[in-house]
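Input: a single structure, listed below in structure tokens.
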Amino acid sequence: MHSTGESRRADVVVVGAGVIGLSVAWRAARAGMSVVVADPEPARGASWVAAGMLAPVTEVQYGEEALLTLTLAAARRWDAFATELAAAAAPVGYRRTGTLLVAMDEGDRAWTEALYAYERELGLEVQWLTGRHARAMEPALSPGVRCGLWAPGDHQVHNRQLLGSLLAATGSSGVVLLEEAVDAVELAAGAVSGVRLASGDCVRSPAVVLAAGCRSALIGGLPAGALPAVRPVKGQILRLGPRGGVSPGPGPTRSVRAIVEGASVYVVPREDGTVVVGATVEEQGFDTSVTAGAVYELLRDARRALPALSEMALEEAVAGLRPGSPDNGPVVGPSPDVEGLVLATGHYRNGILLAPLTADAVVSAIEGRPQPPELEPFGPGRFTVPARPASFGAQ
Ligand code: GLY
């Protein structure tokens, strides 16, 4: 890419056009700001690979109560966000179908009983199901299902429709999308003054939002202490579809998370008859290869719970890189180190779910207004990364 020597100006530059960056850009433009977004591959990355689960209850992890408070608050924003985005651009495939968690063997039942007790203690909306009750709710479930949990508030959105809608909404709101990498954030007297693009061109701005997912710690120009402590956490995921237009039989009608001999797999059915099956959680650096073993294990476990999946066509196997942080929580808010820098990264397994809340929080930060209280434990500065060795990472 050749430099034109030009220098644009904007009220805010967003680094990264995944679900977080695009949501921030759309909300910022709606708030009256001029916005430039830069990403060499807009609407791809982890946001494209994701399943689109909006599932704070079935995805809860022991000891992550602060994150649960945040994800529950985020889930409450989805109705309005999906409605507003559909009105601004196009429907996003938001489906209020609830989620079933099912257990396949005695060990899985014990695990599910413990989870149920924990979730009840936390006051979550969840109901115990016998195997028979679970199958009555979802006839595609195997007779081998021992028991289950019903989480009526855990829904889904079609992540790829969502990205398409966000691209359209940002475009019609006047957001300028540059399909280019950002090499560095530029500083003047310790405050943000803009960004330098891979072409050498600059965009001048008093506010820069770092929303580059797992690559957010690789950006140049910032002091090491201001970089977010994020790393790639690989997830391999499959997409299945009807074979040659022939219905595969009674497929699942709602999202199912199955616990199969201690492993966890989720199955998310779309309105169009396709089904997403995911996902591995792997520490493999920036590797996005699909492995035979992962495809085998995901299908093996998914069909234990939902045998009809075996008859579907395997349409896609793909890997994405979640932006993981040391405590699995996002890193969102104004940087304590660099004036004008706002971080919006580290969303790990919850990027799609947290996008609306993050977008509004970032716009508040740019405008100097307070952050939502649920984000208080997840501010930048709670941990930092040491200076990056020259050999770290891949672009
Ligand atoms: N939230 C699902 C995943 O990260 O795999």
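Ordering of the structure tokens sets the chain letters (A, B, ...); residue numbers start at 1 within each chain; ligands are numbered from 1 in the order shown.
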Original post:
Hey, what does DSSP flag as helix (DSSP H, G or I) within segment 138-338 of chain A? Can you give it to me as number ranges by chain?
Top reply: A: 159-172, 213-218, 224-226, 292-305, 307-311
Using only C-alpha atoms and all ligand atoms, I'd like a table of the residues in chain A that come within 6 Å of ligand 1; for each, show the closest atom pair and its distance in Å rounded to one decimal, ordered by chain and ascending number, as CSV.
```
residue,atom,partner,partner_atom_place_in_ligand_line,distance
A:Ala279,CA,ligand 1,5 (O),4.9
A:Arg349,CA,ligand 1,4 (O),3.5
A:Asn350,CA,ligand 1,1 (N),5.4
```
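By only C-alpha atoms, and with residues fewer than 4 positions from segment 152-162 of chain A along its chain excluded, the set lying at most 6 Å from it is Trp48, Gly52, Met53, Leu54, Ala55, Val92, Gly93, Tyr94, Arg95, Arg96, Thr97, Gly98 and Thr99 of chain A.
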With N, CA, C and O atoms kept, could you save the residues just selected as an mmCIF file, in the first residue's frame?
```
data_model
loop_
_atom_site.group_PDB
_atom_site.id
_atom_site.type_symbol
_atom_site.label_atom_id
_atom_site.label_comp_id
_atom_site.auth_asym_id
_atom_site.auth_seq_id
_atom_site.Cartn_x
_atom_site.Cartn_y
_atom_site.Cartn_z
ATOM 1 N N TRP A 48 -16.374 -13.222 13.207
ATOM 2 C CA TRP A 48 -16.915 -13.977 12.069
ATOM 3 C C TRP A 48 -17.016 -15.466 12.407
ATOM 4 O O TRP A 48 -17.958 -16.159 12.032
ATOM 5 N N GLY A 52 -22.234 -16.831 18.294
ATOM 6 C CA GLY A 52 -23.278 -15.842 18.566
ATOM 7 C C GLY A 52 -24.149 -16.176 19.757
ATOM 8 O O GLY A 52 -25.285 -15.699 19.860
ATOM 9 N N MET A 53 -23.620 -16.980 20.677
ATOM 10 C CA MET A 53 -24.407 -17.284 21.886
ATOM 11 C C MET A 53 -24.450 -16.064 22.801
ATOM 12 O O MET A 53 -23.422 -15.421 23.044
ATOM 13 N N LEU A 54 -25.631 -15.790 23.316
ATOM 14 C CA LEU A 54 -25.802 -14.709 24.302
ATOM 15 C C LEU A 54 -26.220 -15.416 25.587
ATOM 16 O O LEU A 54 -27.389 -15.435 25.949
ATOM 17 N N ALA A 55 -25.257 -16.071 26.226
ATOM 18 C CA ALA A 55 -25.588 -17.093 27.218
ATOM 19 C C ALA A 55 -24.850 -16.923 28.545
ATOM 20 O O ALA A 55 -23.997 -17.734 28.899
ATOM 21 N N VAL A 92 -30.644 -8.901 12.499
ATOM 22 C CA VAL A 92 -29.375 -9.514 12.922
ATOM 23 C C VAL A 92 -29.533 -10.978 13.350
ATOM 24 O O VAL A 92 -28.595 -11.575 13.851
ATOM 25 N N GLY A 93 -30.730 -11.533 13.154
ATOM 26 C CA GLY A 93 -30.925 -12.936 13.528
ATOM 27 C C GLY A 93 -30.889 -13.161 15.024
ATOM 28 O O GLY A 93 -30.364 -14.164 15.499
ATOM 29 N N TYR A 94 -31.471 -12.205 15.764
ATOM 30 C CA TYR A 94 -31.543 -12.337 17.231
ATOM 31 C C TYR A 94 -32.721 -13.261 17.553
ATOM 32 O O TYR A 94 -33.854 -12.982 17.176
ATOM 33 N N ARG A 95 -32.452 -14.392 18.223
ATOM 34 C CA ARG A 95 -33.501 -15.382 18.507
ATOM 35 C C ARG A 95 -33.572 -15.643 20.002
ATOM 36 O O ARG A 95 -32.597 -16.074 20.621
ATOM 37 N N ARG A 96 -34.773 -15.407 20.544
ATOM 38 C CA ARG A 96 -34.985 -15.590 21.988
ATOM 39 C C ARG A 96 -35.457 -17.020 22.244
ATOM 40 O O ARG A 96 -36.601 -17.249 22.608
ATOM 41 N N THR A 97 -34.555 -17.975 22.021
ATOM 42 C CA THR A 97 -34.953 -19.387 22.075
ATOM 43 C C THR A 97 -34.610 -20.059 23.400
ATOM 44 O O THR A 97 -34.994 -21.204 23.619
ATOM 45 N N GLY A 98 -33.876 -19.397 24.293
ATOM 46 C CA GLY A 98 -33.407 -20.069 25.510
ATOM 47 C C GLY A 98 -32.350 -21.117 25.172
ATOM 48 O O GLY A 98 -32.083 -21.396 24.002
ATOM 49 N N THR A 99 -31.735 -21.688 26.199
ATOM 50 C CA THR A 99 -30.671 -22.688 25.991
ATOM 51 C C THR A 99 -30.852 -23.848 26.951
ATOM 52 O O THR A 99 -31.163 -23.663 28.131
#
```
**OP:** Please provide the set of residues having any atom within 6 Å of segment 251-268 of chain A, restricted to only C-alpha atoms, with same-chain residues fewer than 2 positions apart removed, written as a list in words.
**Re:**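 In the requested form, the answer reads Thr97, Thr99, Leu100, Leu101, Val102, Ala103, Met104, Asp108, Ala140, Gly249, Val275, Val276, Val277 and Gly278 of chain A.
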Subject >> Residue contacts of segment 144-148 of chain A (8 Å, only C-alpha atoms) excluding same-chain residues fewer than 4 positions away, as a list in words >> reply: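 Using only C-alpha atoms, the neighbours found are Leu100, Leu101, Val102, Ala103, Met104, Asp105, Glu106, Arg109, Thr112, Trp128, Leu129, Thr130, Gly131, Arg132, Ala134, Arg135, Arg304 and Ala305 of chain A.
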Show me, as JSON lines, the residues of segment 122-216 of chain A having an atom within 7 Å of segment 222-243 of chain A, each with the closest atom pair and its distance in Å, using only C-alpha atoms.
```
{"residue": "A:Val185", "atom": "CA", "partner": "A:Leu222", "partner_atom": "CA", "distance": 6.4}
{"residue": "A:Cys214", "atom": "CA", "partner": "A:Pro232", "partner_atom": "CA", "distance": 5.0}
{"residue": "A:Ser216", "atom": "CA", "partner": "A:Pro228", "partner_atom": "CA", "distance": 6.8}
```
Original post:
as a ChimeraX atom specification, which residues of segment 104-229 of chain A does DSSP assign to strand (DSSP E)?
Top reply: /A:127-130,147-151,155-156,176-178,182-188,191-197,202-204,208-210
Original post:
Between A:Ser289, A:Thr274, A:Ser23, A:Ser199, which is the closest to Val362 of chain A once you count only C-alpha atoms?
Top reply: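 Looking only at the distances to Val362 of chain A, the closest residue turns out to be A:Ser23.
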**OP:** Choose the residue, out of A:Gly171, A:His347, A:Gly333, A:Glu282, that has the smallest atom-to-atom separation from Val363 of chain A; count only C-alpha atoms.
**Re:**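 Among the listed residues, A:Gly333 lies closest to Val363 of chain A.
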Original post:
Looking at A:Thr71, A:Ser165, A:Thr280, A:Ser335, which one is nearest to Ala90 of chain A, with distances taken over only C-alpha atoms?
Top reply: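 Going through A:Thr71, A:Ser165, A:Thr280, A:Ser335 one by one, the smallest distance to Ala90 of chain A is for A:Ser165.
Taking atom CA of Gly220 of chain A and atom CA of Ile366 of chain A as endpoints, the distance between them is 21.3 Å.
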Original post:
In Å to one decimal, how far is atom CA of Glu59 of chain A from atom CA of Asp287 of chain A?
Top reply: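 According to the coordinates, atom CA of Asp287 of chain A and atom CA of Glu59 of chain A are separated by 24.6 Å.
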Original post:
Please, what distance in Å, to one decimal, runs between atom CA of Gly45 of chain A and atom CA of Glu65 of chain A?
Top reply: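 Distance between the two atoms: 27.9 Å.
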